[in-house]
Amino acid sequence: MYFEDYQPGAPVEHPATITVDQTAVIEFAEEFDPQYFHVDPEAAADGPFQGLIASGWHTAGLMMRLYADQFLSKEASLGGPGVDELRWPAPVRPGDVLRLRTEVLEARPSRSKPDRGLIRTRTELLNQHDTIVFSCEVLNFLAVRP
């Protein structure tokens, strides 16, 4: 797929999933976000989330894995200038099964570099209960078809 193939339209539910692993939740948090509700299941049980939850930054990484595997073109992706409106509306817990939903909101050719375009995509992770647990708008540069 190239820039021209990413047209604004209806949301797309992608088929692959990721199951959140408790060991991975704790290991990520111990290194990058060592708050007790991410690293200590016993203390987390009495905390504000009533159990262990994944760091939002871990959740963002899980989204990126699904996004790169299921949405971004391996041929045309040229990176991106940023992410807007990053949100964690519900906690992610060990054992949750996450899937990706995307919707291209905007696709415009670059004014300064005619070999590429920019897309803005609403990106969401949903858990097994269809609850949105992560959302953002991702900006990506994509090569135009040669």
# chains A, B, ... in the order shown; residues from 1 in each chain; ligands from 1
>>> closest_atom_pairs(of="segment 94-118 of chain A", to="segment 11-30 of chain A", cutoff="8 Å", atoms="only C-alpha atoms", output="JSON lines")
{"residue": "A:Pro94", "atom": "CA", "partner": "A:Gln22", "partner_atom": "CA", "distance": 4.8}
{"residue": "A:Gly95", "atom": "CA", "partner": "A:Val20", "partner_atom": "CA", "distance": 5.1}
{"residue": "A:Asp96", "atom": "CA", "partner": "A:Val20", "partner_atom": "CA", "distance": 5.4}
{"residue": "A:Val97", "atom": "CA", "partner": "A:Thr19", "partner_atom": "CA", "distance": 4.3}
{"residue": "A:Leu98", "atom": "CA", "partner": "A:Ile18", "partner_atom": "CA", "distance": 5.2}
{"residue": "A:Arg99", "atom": "CA", "partner": "A:Thr17", "partner_atom": "CA", "distance": 4.7}
{"residue": "A:Leu100", "atom": "CA", "partner": "A:His14", "partner_atom": "CA", "distance": 5.5}
{"residue": "A:Arg101", "atom": "CA", "partner": "A:Glu13", "partner_atom": "CA", "distance": 4.6}
{"residue": "A:Thr102", "atom": "CA", "partner": "A:Val12", "partner_atom": "CA", "distance": 5.3}
{"residue": "A:Glu103", "atom": "CA", "partner": "A:Pro11", "partner_atom": "CA", "distance": 4.3}
{"residue": "A:Val104", "atom": "CA", "partner": "A:Pro11", "partner_atom": "CA", "distance": 7.6}
>>> write_last_selection(atoms="C-alpha atoms", output="mmCIF file, in the first residue's frame")
data_model
loop_
_atom_site.group_PDB
_atom_site.id
_atom_site.type_symbol
_atom_site.label_atom_id
_atom_site.label_comp_id
_atom_site.auth_asym_id
_atom_site.auth_seq_id
_atom_site.Cartn_x
_atom_site.Cartn_y
_atom_site.Cartn_z
ATOM 1 C CA PRO A 94 -3.105 -8.607 32.700
ATOM 2 C CA GLY A 95 -5.095 -11.096 30.651
ATOM 3 C CA ASP A 96 -6.848 -8.438 28.558
ATOM 4 C CA VAL A 97 -7.012 -9.215 24.850
ATOM 5 C CA LEU A 98 -6.452 -6.058 22.797
ATOM 6 C CA ARG A 99 -7.278 -5.362 19.172
ATOM 7 C CA LEU A 100 -6.756 -2.365 16.902
ATOM 8 C CA ARG A 101 -9.306 -0.113 15.226
ATOM 9 C CA THR A 102 -8.173 2.595 12.805
ATOM 10 C CA GLU A 103 -9.865 5.301 10.803
ATOM 11 C CA VAL A 104 -8.026 7.544 8.346
#
>>> residues_around(residues="Ala54 of chain A", least_positions_apart="3", cutoff="6 Å", atoms="only C-alpha atoms", output="short mmCIF file (atom, residue, chain, number, x, y, z; two decimals) with C-alpha atoms, in the first residue's frame")
data_model
loop_
_atom_site.label_atom_id
_atom_site.label_comp_id
_atom_site.auth_asym_id
_atom_site.auth_seq_id
_atom_site.Cartn_x
_atom_site.Cartn_y
_atom_site.Cartn_z
CA VAL A 25 3.41 -5.50 32.59
CA HIS A 38 2.02 -1.26 37.78
CA VAL A 92 -5.45 -2.33 30.77
CA ARG A 93 -5.12 -5.40 32.96
#
>>> closest_residue(among="A:Gln35, A:Lys74, A:Tyr67, A:Ala43", to="Met1 of chain A", atoms="only C-alpha atoms")
A:Lys74
>>> select_by_dssp(residues="segment 3-110 of chain A", states="helix (DSSP H, G or I)", output="PyMOL selection string")
chain A and resi 3-5+22-32+36-39+41-45+56-70
>>> write_last_selection(atoms="C-alpha atoms", output="PDB file, in the first residue's frame")
ATOM      1  CA  PHE A   3      -0.199   7.000   0.229  1.00  0.00           C
ATOM      2  CA  GLU A   4      -2.986   6.884  -2.391  1.00  0.00           C
ATOM      3  CA  ASP A   5      -4.438   3.747  -0.782  1.00  0.00           C
ATOM      4  CA  GLN A  22       1.370  -9.894  33.742  1.00  0.00           C
ATOM      5  CA  THR A  23       5.112 -10.557  33.707  1.00  0.00           C
ATOM      6  CA  ALA A  24       5.554  -8.134  30.805  1.00  0.00           C
ATOM      7  CA  VAL A  25       3.410  -5.505  32.593  1.00  0.00           C
ATOM      8  CA  ILE A  26       5.612  -5.680  35.684  1.00  0.00           C
ATOM      9  CA  GLU A  27       8.919  -5.825  33.784  1.00  0.00           C
ATOM     10  CA  PHE A  28       8.030  -2.808  31.632  1.00  0.00           C
ATOM     11  CA  ALA A  29       6.889  -0.819  34.655  1.00  0.00           C
ATOM     12  CA  GLU A  30       9.931  -1.731  36.751  1.00  0.00           C
ATOM     13  CA  GLU A  31      12.121  -0.239  34.045  1.00  0.00           C
ATOM     14  CA  PHE A  32      10.043   2.730  32.853  1.00  0.00           C
ATOM     15  CA  TYR A  36       3.017   0.580  42.669  1.00  0.00           C
ATOM     16  CA  PHE A  37      -0.168  -0.147  40.709  1.00  0.00           C
ATOM     17  CA  HIS A  38       2.025  -1.260  37.776  1.00  0.00           C
ATOM     18  CA  VAL A  39       4.624  -3.318  39.681  1.00  0.00           C
ATOM     19  CA  PRO A  41      -0.047  -6.871  42.518  1.00  0.00           C
ATOM     20  CA  GLU A  42      -0.668  -6.999  46.275  1.00  0.00           C
ATOM     21  CA  ALA A  43      -0.406  -3.243  46.830  1.00  0.00           C
ATOM     22  CA  ALA A  44      -2.344  -2.602  43.612  1.00  0.00           C
ATOM     23  CA  ALA A  45      -5.289  -4.633  44.944  1.00  0.00           C
ATOM     24  CA  GLY A  56      -0.108   3.698  29.702  1.00  0.00           C
ATOM     25  CA  TRP A  57       3.276   3.808  27.975  1.00  0.00           C
ATOM     26  CA  HIS A  58       3.321   0.006  27.799  1.00  0.00           C
ATOM     27  CA  THR A  59      -0.182   0.163  26.313  1.00  0.00           C
ATOM     28  CA  ALA A  60       1.069   2.683  23.734  1.00  0.00           C
ATOM     29  CA  GLY A  61       3.819   0.222  22.806  1.00  0.00           C
ATOM     30  CA  LEU A  62       1.279  -2.576  22.368  1.00  0.00           C
ATOM     31  CA  MET A  63      -0.750  -0.293  20.100  1.00  0.00           C
ATOM     32  CA  MET A  64       2.336   0.489  18.045  1.00  0.00           C
ATOM     33  CA  ARG A  65       3.043  -3.219  17.577  1.00  0.00           C
ATOM     34  CA  LEU A  66      -0.454  -3.836  16.189  1.00  0.00           C
ATOM     35  CA  TYR A  67      -0.361  -0.590  14.171  1.00  0.00           C
ATOM     36  CA  ALA A  68       2.953  -1.461  12.520  1.00  0.00           C
ATOM     37  CA  ASP A  69       1.899  -5.044  11.798  1.00  0.00           C
ATOM     38  CA  GLN A  70      -1.638  -4.424  10.565  1.00  0.00           C
TER      39      GLN A  70
END
>>> closest_residue(among="A:Asp40, A:His129, A:Thr123, A:Arg145", to="Arg87 of chain A", atoms="only C-alpha atoms")
A:Thr123
>>> residues_around(residues="Tyr2 of chain A", least_positions_apart="6", cutoff="10 Å", atoms="only C-alpha atoms", output="PDB file with C-alpha atoms, in the first residue's frame")
ATOM      1  CA  LEU A  72       1.315   0.721   8.211  1.00  0.00           C
ATOM      2  CA  SER A  73       2.689  -0.099   4.803  1.00  0.00           C
ATOM      3  CA  LYS A  74       6.027  -1.862   4.973  1.00  0.00           C
ATOM      4  CA  GLU A  75       6.833  -0.474   1.506  1.00  0.00           C
ATOM      5  CA  ALA A  76       5.735   3.126   1.919  1.00  0.00           C
ATOM      6  CA  SER A  77       6.063   4.125   5.579  1.00  0.00           C
ATOM      7  CA  ARG A 116       4.980  11.621  -0.152  1.00  0.00           C
ATOM      8  CA  GLY A 117       1.787  12.438   1.641  1.00  0.00           C
ATOM      9  CA  LEU A 142       3.812   7.647   3.305  1.00  0.00           C
ATOM     10  CA  ALA A 143       5.496   7.418  -0.072  1.00  0.00           C
ATOM     11  CA  VAL A 144       3.335   7.912  -3.128  1.00  0.00           C
ATOM     12  CA  ARG A 145       3.135   5.059  -5.580  1.00  0.00           C
ATOM     13  CA  PRO A 146       6.257   5.023  -7.801  1.00  0.00           C
TER      14      PRO A 146
END
